[in-house]
>>> print(open('start.cif').read())   # mmCIF, C-alpha atoms
data_data
loop_
_atom_site.label_atom_id
_atom_site.label_comp_id
_atom_site.auth_asym_id
_atom_site.auth_seq_id
_atom_site.Cartn_x
_atom_site.Cartn_y
_atom_site.Cartn_z
CA MET A 1386 -167.95 13.45 -67.79
CA SER A 1387 -164.41 12.36 -66.98
CA PRO A 1388 -163.21 12.73 -63.36
CA ALA A 1389 -159.96 14.03 -64.88
CA THR A 1390 -161.71 17.29 -65.78
CA LEU A 1391 -162.85 18.04 -62.22
CA SER A 1392 -161.00 20.31 -59.79
CA LYS A 1393 -158.54 18.35 -57.65
CA LYS A 1394 -158.07 21.07 -55.03
CA ALA A 1395 -158.71 20.07 -51.42
CA ILE A 1396 -162.06 21.80 -51.11
CA ALA A 1397 -165.03 20.25 -49.34
CA ALA A 1398 -167.76 19.56 -51.91
CA SER A 1399 -170.27 21.41 -49.73
CA GLU A 1400 -168.12 24.57 -49.89
CA ARG A 1401 -167.86 24.64 -53.68
CA LEU A 1402 -171.27 26.34 -53.84
CA ILE A 1403 -171.13 30.04 -52.96
CA LEU A 1404 -174.47 31.77 -52.43
CA ALA A 1405 -174.63 35.36 -53.69
CA LEU A 1406 -176.22 37.20 -50.78
CA ASP A 1407 -177.48 40.05 -52.98
CA VAL A 1408 -180.31 41.40 -50.85
CA PRO A 1409 -181.07 45.00 -49.82
CA ASP A 1410 -180.52 44.86 -46.06
CA ILE A 1411 -178.93 42.88 -43.28
CA ASP A 1412 -182.22 41.58 -41.86
CA LYS A 1413 -183.16 40.00 -45.19
CA ALA A 1414 -179.66 38.55 -45.43
CA LYS A 1415 -179.88 36.97 -41.99
CA ALA A 1416 -183.36 35.64 -42.68
CA LEU A 1417 -182.15 33.95 -45.87
CA VAL A 1418 -179.09 32.47 -44.15
CA ASP A 1419 -181.30 31.13 -41.35
CA GLU A 1420 -183.71 29.66 -43.89
CA LEU A 1421 -180.88 27.96 -45.78
CA GLY A 1422 -179.36 26.56 -42.59
CA ASP A 1423 -176.60 24.04 -43.21
CA SER A 1424 -177.42 23.72 -46.92
CA VAL A 1425 -175.01 26.59 -47.69
CA ARG A 1426 -171.63 27.13 -46.02
CA PHE A 1427 -170.12 29.90 -48.16
CA TYR A 1428 -171.62 33.34 -48.85
CA LYS A 1429 -170.69 36.18 -51.18
CA VAL A 1430 -171.47 39.72 -50.03
CA GLY A 1431 -171.21 42.54 -52.55
CA LEU A 1432 -171.77 46.21 -53.07
CA GLU A 1433 -175.50 46.22 -52.34
CA LEU A 1434 -175.01 44.99 -48.79
CA PHE A 1435 -171.80 46.96 -48.42
CA MET A 1436 -173.74 50.18 -48.95
CA THR A 1437 -175.96 49.40 -45.96
CA GLY A 1438 -172.98 50.20 -43.72
CA GLU A 1439 -173.51 46.93 -41.87
CA VAL A 1440 -171.59 44.45 -43.98
CA PHE A 1441 -168.91 43.79 -41.36
CA ARG A 1442 -171.52 43.22 -38.68
CA LEU A 1443 -173.06 40.71 -41.09
CA SER A 1444 -169.73 39.04 -41.86
CA ASP A 1445 -169.01 38.66 -38.12
CA TRP A 1446 -172.46 37.14 -37.71
CA LEU A 1447 -171.79 34.71 -40.58
CA HIS A 1448 -168.42 33.71 -39.15
CA GLY A 1449 -170.10 33.11 -35.81
CA ARG A 1450 -172.28 30.53 -37.55
CA GLY A 1451 -169.34 28.76 -39.12
CA LYS A 1452 -169.83 30.26 -42.57
CA LYS A 1453 -167.17 31.44 -45.00
CA VAL A 1454 -167.37 34.92 -46.50
CA PHE A 1455 -166.37 36.19 -49.94
CA PHE A 1456 -166.15 40.01 -50.16
CA ASP A 1457 -167.04 40.76 -53.78
CA LEU A 1458 -166.15 44.47 -53.79
CA LYS A 1459 -164.13 44.63 -57.03
CA PHE A 1460 -161.59 47.14 -55.75
CA PHE A 1461 -160.56 49.38 -58.66
CA ASP A 1462 -158.65 52.54 -57.81
CA ILE A 1463 -155.11 53.84 -57.76
CA PRO A 1464 -152.70 51.18 -56.41
CA ASN A 1465 -152.05 52.87 -53.06
CA THR A 1466 -155.77 53.15 -52.37
CA VAL A 1467 -156.36 49.50 -53.25
CA ARG A 1468 -153.37 48.52 -51.12
CA SER A 1469 -154.85 50.34 -48.12
CA ALA A 1470 -158.33 48.92 -48.72
CA VAL A 1471 -157.03 45.35 -48.80
CA ARG A 1472 -154.95 46.02 -45.69
CA GLN A 1473 -158.11 47.18 -43.89
CA LEU A 1474 -160.14 44.22 -45.15
CA ARG A 1475 -157.71 41.43 -44.32
CA SER A 1476 -158.55 41.56 -40.61
CA ARG A 1477 -162.21 40.83 -41.38
CA GLY A 1478 -161.74 37.12 -41.97
CA GLY A 1479 -162.84 37.00 -45.59
CA THR A 1480 -161.79 33.97 -47.61
CA PHE A 1481 -161.82 35.88 -50.92
CA VAL A 1482 -161.83 39.49 -52.10
CA THR A 1483 -162.16 40.62 -55.71
CA VAL A 1484 -159.88 43.18 -57.33
CA HIS A 1485 -160.19 44.77 -60.78
CA GLY A 1486 -157.68 46.69 -62.84
CA ASN A 1487 -154.17 46.72 -64.23
CA ASP A 1488 -150.92 45.11 -63.09
CA GLU A 1489 -150.03 47.70 -60.47
CA ILE A 1490 -153.47 47.47 -58.86
CA LEU A 1491 -153.35 43.67 -58.70
CA LYS A 1492 -149.79 43.71 -57.39
CA ALA A 1493 -150.69 46.20 -54.64
CA ALA A 1494 -153.60 44.02 -53.53
CA ALA A 1495 -151.52 40.83 -53.55
CA GLU A 1496 -148.82 42.43 -51.41
CA GLU A 1497 -151.31 43.27 -48.64
CA LYS A 1498 -153.65 40.28 -48.75
CA GLY A 1499 -152.53 38.43 -45.61
CA ASP A 1500 -154.67 35.31 -45.26
CA THR A 1501 -157.37 36.65 -47.57
CA LYS A 1502 -157.10 35.32 -51.11
CA VAL A 1503 -157.19 37.88 -53.93
CA LEU A 1504 -159.32 37.03 -56.95
CA ALA A 1505 -158.65 39.04 -60.09
CA VAL A 1506 -161.69 39.93 -62.19
CA THR A 1507 -161.14 38.88 -65.81
CA ALA A 1508 -164.27 39.87 -67.77
CA LEU A 1509 -167.67 40.37 -66.16
CA THR A 1510 -170.20 37.67 -67.02
CA SER A 1511 -172.71 40.40 -67.88
CA LEU A 1512 -170.52 41.39 -70.87
CA ASP A 1513 -170.45 39.71 -74.27
CA GLU A 1514 -168.14 40.22 -77.24
CA GLY A 1515 -170.08 43.27 -78.43
CA ASP A 1516 -169.88 44.89 -75.01
CA LEU A 1517 -166.13 44.32 -74.83
CA ARG A 1518 -165.65 45.86 -78.27
CA ASP A 1519 -167.67 48.87 -77.14
CA LEU A 1520 -165.29 49.20 -74.19
CA GLY A 1521 -162.32 49.32 -76.54
CA PHE A 1522 -160.99 45.77 -76.25
CA GLN A 1523 -159.67 44.60 -79.59
CA VAL A 1524 -159.38 40.92 -78.68
CA ASP A 1525 -161.90 38.15 -78.20
CA THR A 1526 -163.16 37.32 -74.71
CA GLU A 1527 -161.08 34.18 -74.27
CA THR A 1528 -157.84 35.92 -75.22
CA LEU A 1529 -158.60 38.74 -72.79
CA VAL A 1530 -159.43 36.36 -69.94
CA LEU A 1531 -156.32 34.23 -70.48
CA SER A 1532 -154.08 37.29 -70.62
CA ARG A 1533 -155.51 38.69 -67.39
CA ALA A 1534 -155.28 35.34 -65.63
CA ARG A 1535 -151.62 34.88 -66.55
CA ARG A 1536 -150.81 38.36 -65.32
CA ALA A 1537 -152.75 37.77 -62.08
CA LEU A 1538 -150.71 34.63 -61.42
CA GLU A 1539 -147.42 36.41 -62.03
CA LEU A 1540 -148.43 39.27 -59.75
CA GLY A 1541 -149.26 37.09 -56.75
CA CYS A 1542 -153.04 36.77 -56.95
CA ASP A 1543 -154.62 33.54 -55.77
CA GLY A 1544 -157.37 33.13 -58.31
CA VAL A 1545 -159.66 34.63 -60.89
CA ILE A 1546 -163.32 35.28 -61.45
CA SER A 1547 -164.25 33.93 -64.86
CA SER A 1548 -167.24 32.93 -66.89
CA GLY A 1549 -167.52 29.18 -67.23
CA MET A 1550 -167.09 29.65 -70.97
CA GLU A 1551 -163.37 30.29 -70.48
CA VAL A 1552 -162.62 27.80 -67.69
CA ARG A 1553 -161.42 24.98 -69.90
CA ALA A 1554 -158.99 27.26 -71.71
CA LEU A 1555 -157.80 28.63 -68.36
CA ARG A 1556 -157.10 25.14 -67.03
CA GLU A 1557 -155.20 24.21 -70.18
CA SER A 1558 -153.15 27.41 -69.91
CA ILE A 1559 -152.41 27.67 -66.19
CA GLY A 1560 -153.29 24.27 -64.79
CA ASP A 1561 -154.23 24.27 -61.09
CA LYS A 1562 -152.11 27.27 -60.15
CA LEU A 1563 -155.11 29.57 -59.53
CA PHE A 1564 -158.53 29.17 -57.97
CA ILE A 1565 -161.24 29.64 -60.58
CA VAL A 1566 -164.55 30.99 -59.29
CA VAL A 1567 -167.41 30.96 -61.78
CA PRO A 1568 -170.40 33.29 -61.24
CA GLY A 1569 -173.65 33.51 -63.15
CA ILE A 1570 -174.48 29.81 -62.82
CA ARG A 1571 -177.97 28.93 -63.98
CA PRO A 1572 -179.33 25.45 -63.24
CA VAL A 1573 -181.06 24.14 -66.35
CA GLU A 1574 -184.52 24.49 -64.91
CA ASN A 1575 -183.80 28.12 -64.00
CA ARG A 1576 -182.36 29.55 -67.23
CA GLU A 1577 -184.45 32.70 -67.01
CA ALA A 1578 -183.66 35.76 -69.08
CA ASP A 1579 -181.45 38.06 -67.01
CA ASP A 1580 -178.25 40.10 -67.13
CA GLN A 1581 -175.84 37.16 -67.27
CA LYS A 1582 -174.87 36.76 -70.92
CA ARG A 1583 -172.25 34.04 -70.47
CA ALA A 1584 -173.83 31.63 -68.02
CA LEU A 1585 -173.46 27.87 -67.64
CA ASP A 1586 -175.17 25.04 -65.82
CA VAL A 1587 -173.77 23.51 -62.59
CA GLU A 1588 -172.33 20.37 -64.19
CA ASP A 1589 -171.01 22.30 -67.21
CA ALA A 1590 -168.96 24.67 -65.03
CA PHE A 1591 -167.37 21.93 -62.95
CA ALA A 1592 -166.78 19.71 -65.99
CA ARG A 1593 -164.69 22.52 -67.46
CA GLY A 1594 -162.59 22.79 -64.30
CA ALA A 1595 -164.23 25.34 -61.97
CA ASP A 1596 -163.20 25.20 -58.31
CA TYR A 1597 -166.23 27.13 -57.05
CA ILE A 1598 -169.53 28.28 -58.52
CA VAL A 1599 -171.58 31.30 -57.45
CA ILE A 1600 -175.37 31.09 -57.58
CA GLY A 1601 -177.80 33.80 -56.54
CA ARG A 1602 -181.29 34.20 -57.96
CA PRO A 1603 -182.00 30.53 -58.77
CA ILE A 1604 -181.74 29.82 -55.04
CA ARG A 1605 -182.87 33.14 -53.51
CA ASN A 1606 -185.96 33.37 -55.73
CA ALA A 1607 -186.92 29.70 -55.55
CA PRO A 1608 -190.27 28.86 -53.91
CA GLN A 1609 -188.26 26.86 -51.36
CA PRO A 1610 -184.69 28.22 -51.25
CA ARG A 1611 -183.35 25.55 -48.92
CA GLN A 1612 -184.71 22.77 -51.10
CA ALA A 1613 -183.17 24.44 -54.17
CA ALA A 1614 -179.78 24.74 -52.44
CA GLU A 1615 -179.87 21.15 -51.23
CA ALA A 1616 -180.67 19.92 -54.75
CA ILE A 1617 -177.66 21.79 -56.14
CA GLN A 1618 -175.42 20.55 -53.34
CA GLN A 1619 -176.48 16.99 -54.16
CA ARG A 1620 -175.55 17.53 -57.80
CA ILE A 1621 -172.13 18.80 -56.73
CA ALA A 1622 -171.63 15.90 -54.31
CA ASN A 1623 -172.50 13.41 -57.06
CA LEU A 1624 -169.93 14.97 -59.37
CA PHE A 1625 -167.06 14.95 -56.89
CA ALA A 1626 -167.87 11.48 -55.60
CA GLN A 1627 -166.15 10.35 -58.82
CA LEU A 1628 -162.79 11.44 -57.34
CA ARG A 1629 -162.98 9.12 -54.33
#
>>> encode(input="start.cif", output="structure tokens")
Amino acid sequence: MSPATLSKKAIAASERLILALDVPDIDKAKALVDELGDSVRFYKVGLELFMTGEVFRLSDWLHGRGKKVFFDLKFFDIPNTVRSAVRQLRSRGGTFVTVHGNDEILKAAAEEKGDTKVLAVTALTSLDEGDLRDLGFQVDTETLVLSRARRALELGCDGVISSGMEVRALRESIGDKLFIVVPGIRPVENREADDQKRALDVEDAFARGADYIVIGRPIRNAPQPRQAAEAIQQRIANLFAQLR
């Protein structure tokens, strides 16, 4: 792997791993965070925890422990509603929030983001080419992702959510102008059958130019989650040590 392919953004190596905190309630979330300790510094909270009605209490708790928070809520509604939702969210201290939809939706979110960075969803990693055709898209996945990323950049978004499969093409097209966050990462030893159809390994994603990776089940479901997180963090640290 050439160091030239790695992200050059000023991001601490230990913060490039985002743990998907996809658990059913706030007590389980806190227990997992406590178990992981300082092995994870960045957490993604999504719709499952949001529906508990306690997600902001959890995010305050995480901030109190020096953690970063990514609100993965995929706002997708009429532009004025998304604008208001982002305005409400920006006071909650989230580093990232995800937004889905067309140009007007992304523009509305970008105009209200404050210090929170807006990530545009390109194509869900649970979808493959057949799924996209079923949804009416008449282009291949890479073309769709590149088109959405270019539009997101023009509209004031800060980054995109993308499968690792498209990261190299994104970097070639838009350089370092957007953050690229890659979900669905599966360490080689944990490539279990699941709902992620376009997944990559840790090193693969960063070699293609990812800024951050999101990992959930391979850490949460590991016999020893902290040990699993530490092993992944060591792999990331080894990769980015090449830039020193």
>>> atom_distance(input="start.cif", atom1="CA of Ala1495 (chain A)", atom2="CA of Ala1534 (chain A)")
13.8 Å
>>> residues_around(input="start.cif", residues="region 1483-1490 of chain A", least_positions_apart="6", cutoff="9 Å", atoms="all atoms listed in the file", output="VMD selection string")
chain A and resid 1455 to 1468 1502 to 1507 1533 1536 to 1537 1540 1545 to 1546
>>> write_last_selection(input="start.cif", atoms="C-alpha atoms", output="short mmCIF file (atom, residue, chain, number, x, y, z; two decimals), in the frame of the given file")
data_model
loop_
_atom_site.label_atom_id
_atom_site.label_comp_id
_atom_site.auth_asym_id
_atom_site.auth_seq_id
_atom_site.Cartn_x
_atom_site.Cartn_y
_atom_site.Cartn_z
CA PHE A 1455 -166.37 36.19 -49.94
CA PHE A 1456 -166.15 40.01 -50.16
CA ASP A 1457 -167.04 40.76 -53.78
CA LEU A 1458 -166.15 44.47 -53.79
CA LYS A 1459 -164.13 44.63 -57.03
CA PHE A 1460 -161.59 47.14 -55.75
CA PHE A 1461 -160.56 49.38 -58.66
CA ASP A 1462 -158.65 52.54 -57.81
CA ILE A 1463 -155.11 53.84 -57.76
CA PRO A 1464 -152.70 51.18 -56.41
CA ASN A 1465 -152.05 52.87 -53.06
CA THR A 1466 -155.77 53.15 -52.37
CA VAL A 1467 -156.36 49.50 -53.25
CA ARG A 1468 -153.37 48.52 -51.12
CA LYS A 1502 -157.10 35.32 -51.11
CA VAL A 1503 -157.19 37.88 -53.93
CA LEU A 1504 -159.32 37.03 -56.95
CA ALA A 1505 -158.65 39.04 -60.09
CA VAL A 1506 -161.69 39.93 -62.19
CA THR A 1507 -161.14 38.88 -65.81
CA ARG A 1533 -155.51 38.69 -67.39
CA ARG A 1536 -150.81 38.36 -65.32
CA ALA A 1537 -152.75 37.77 -62.08
CA LEU A 1540 -148.43 39.27 -59.75
CA VAL A 1545 -159.66 34.63 -60.89
CA ILE A 1546 -163.32 35.28 -61.45
#
>>> atom_distance(input="start.cif", atom1="CA of Gly1422 (chain A)", atom2="CA of Ile1617 (chain A)")
14.5 Å
>>> closest_residue(input="start.cif", among="A:Ile1621, A:Ala1607, A:Ala1592, A:Ala1414", to="Ala1389 (chain A)", atoms="only C-alpha atoms")
A:Ala1592
>>> atom_distance(input="start.cif", atom1="CA of Gly1478 (chain A)", atom2="CA of Leu1538 (chain A)")
22.5 Å
>>> resolve_selection(input="start.cif", expression="the PyMOL selection byres ((chain A and resi 1593) around 12)", output="PyMOL selection string")
chain A and resi 1386-1392+1547-1557+1560+1565-1567+1585-1592+1594-1598
>>> closest_residue(input="start.cif", among="A:Asp1407, A:Ser1558, A:Asp1500, A:Leu1474", to="Thr1528 (chain A)", atoms="all atoms listed in the file")
A:Ser1558
>>> closest_residue(input="start.cif", among="A:Gln1473, A:Gln1627, A:Gln1618, A:Thr1437", to="Pro1409 (chain A)", atoms="all atoms listed in the file")
A:Thr1437
>>> axis_aligned_box(input="start.cif", around="region 1459-1469 of chain A", padding_each_side="3 Å", output="JSON")
{"center_x": -158.1, "center_y": 49.2, "center_z": -53.4, "size_x": 18.1, "size_y": 15.2, "size_z": 16.5}
>>> closest_residue(input="start.cif", among="A:Ile1570, A:Ala1494, A:Ala1622, A:Ala1416", to="Pro1603 (chain A)", atoms="all atoms listed in the file")
A:Ile1570
>>> resolve_selection(input="start.cif", expression="the PyMOL selection byres ((chain A and resi 1610) around 12)", output="PDB file with C-alpha atoms, in the frame of the given file")
ATOM      1  CA  LEU A1404    -174.470  31.770 -52.430  1.00  0.00           C
ATOM      2  CA  ALA A1416    -183.360  35.640 -42.680  1.00  0.00           C
ATOM      3  CA  LEU A1417    -182.150  33.950 -45.870  1.00  0.00           C
ATOM      4  CA  VAL A1418    -179.090  32.470 -44.150  1.00  0.00           C
ATOM      5  CA  ASP A1419    -181.300  31.130 -41.350  1.00  0.00           C
ATOM      6  CA  GLU A1420    -183.710  29.660 -43.890  1.00  0.00           C
ATOM      7  CA  LEU A1421    -180.880  27.960 -45.780  1.00  0.00           C
ATOM      8  CA  GLY A1422    -179.360  26.560 -42.590  1.00  0.00           C
ATOM      9  CA  SER A1424    -177.420  23.720 -46.920  1.00  0.00           C
ATOM     10  CA  VAL A1425    -175.010  26.590 -47.690  1.00  0.00           C
ATOM     11  CA  ILE A1600    -175.370  31.090 -57.580  1.00  0.00           C
ATOM     12  CA  GLY A1601    -177.800  33.800 -56.540  1.00  0.00           C
ATOM     13  CA  ARG A1602    -181.290  34.200 -57.960  1.00  0.00           C
ATOM     14  CA  PRO A1603    -182.000  30.530 -58.770  1.00  0.00           C
ATOM     15  CA  ILE A1604    -181.740  29.820 -55.040  1.00  0.00           C
ATOM     16  CA  ARG A1605    -182.870  33.140 -53.510  1.00  0.00           C
ATOM     17  CA  ASN A1606    -185.960  33.370 -55.730  1.00  0.00           C
ATOM     18  CA  ALA A1607    -186.920  29.700 -55.550  1.00  0.00           C
ATOM     19  CA  PRO A1608    -190.270  28.860 -53.910  1.00  0.00           C
ATOM     20  CA  GLN A1609    -188.260  26.860 -51.360  1.00  0.00           C
ATOM     21  CA  ARG A1611    -183.350  25.550 -48.920  1.00  0.00           C
ATOM     22  CA  GLN A1612    -184.710  22.770 -51.100  1.00  0.00           C
ATOM     23  CA  ALA A1613    -183.170  24.440 -54.170  1.00  0.00           C
ATOM     24  CA  ALA A1614    -179.780  24.740 -52.440  1.00  0.00           C
ATOM     25  CA  GLU A1615    -179.870  21.150 -51.230  1.00  0.00           C
ATOM     26  CA  ALA A1616    -180.670  19.920 -54.750  1.00  0.00           C
ATOM     27  CA  ILE A1617    -177.660  21.790 -56.140  1.00  0.00           C
TER      28      ILE A1617
END
>>> decode(input="start.cif", residues="region 1433-1458 of chain A", atoms="C-alpha atoms", output="CSV table (one decimal), in the first residue's frame")
chain,number,residue,atom,x,y,z
A,1433,GLU,CA,-32.9,2.6,16.7
A,1434,LEU,CA,-31.6,4.6,19.6
A,1435,PHE,CA,-33.4,7.7,18.4
A,1436,MET,CA,-36.7,6.0,18.8
A,1437,THR,CA,-36.0,5.3,22.5
A,1438,GLY,CA,-36.6,9.1,23.1
A,1439,GLU,CA,-33.3,9.3,25.0
A,1440,VAL,CA,-30.8,9.8,22.3
A,1441,PHE,CA,-29.9,13.4,23.4
A,1442,ARG,CA,-29.5,12.3,27.0
A,1443,LEU,CA,-27.1,9.6,25.6
A,1444,SER,CA,-25.2,12.1,23.4
A,1445,ASP,CA,-24.8,14.5,26.4
A,1446,TRP,CA,-23.4,11.5,28.4
A,1447,LEU,CA,-21.0,10.6,25.6
A,1448,HIS,CA,-19.8,14.2,25.3
A,1449,GLY,CA,-19.2,14.2,29.0
A,1450,ARG,CA,-16.8,11.3,28.5
A,1451,GLY,CA,-14.9,13.1,25.8
A,1452,LYS,CA,-16.5,11.1,22.9
A,1453,LYS,CA,-17.5,12.4,19.5
A,1454,VAL,CA,-21.1,11.8,18.2
A,1455,PHE,CA,-22.3,11.1,14.7
A,1456,PHE,CA,-26.1,11.5,14.4
A,1457,ASP,CA,-27.0,9.0,11.6
A,1458,LEU,CA,-30.6,10.0,11.1
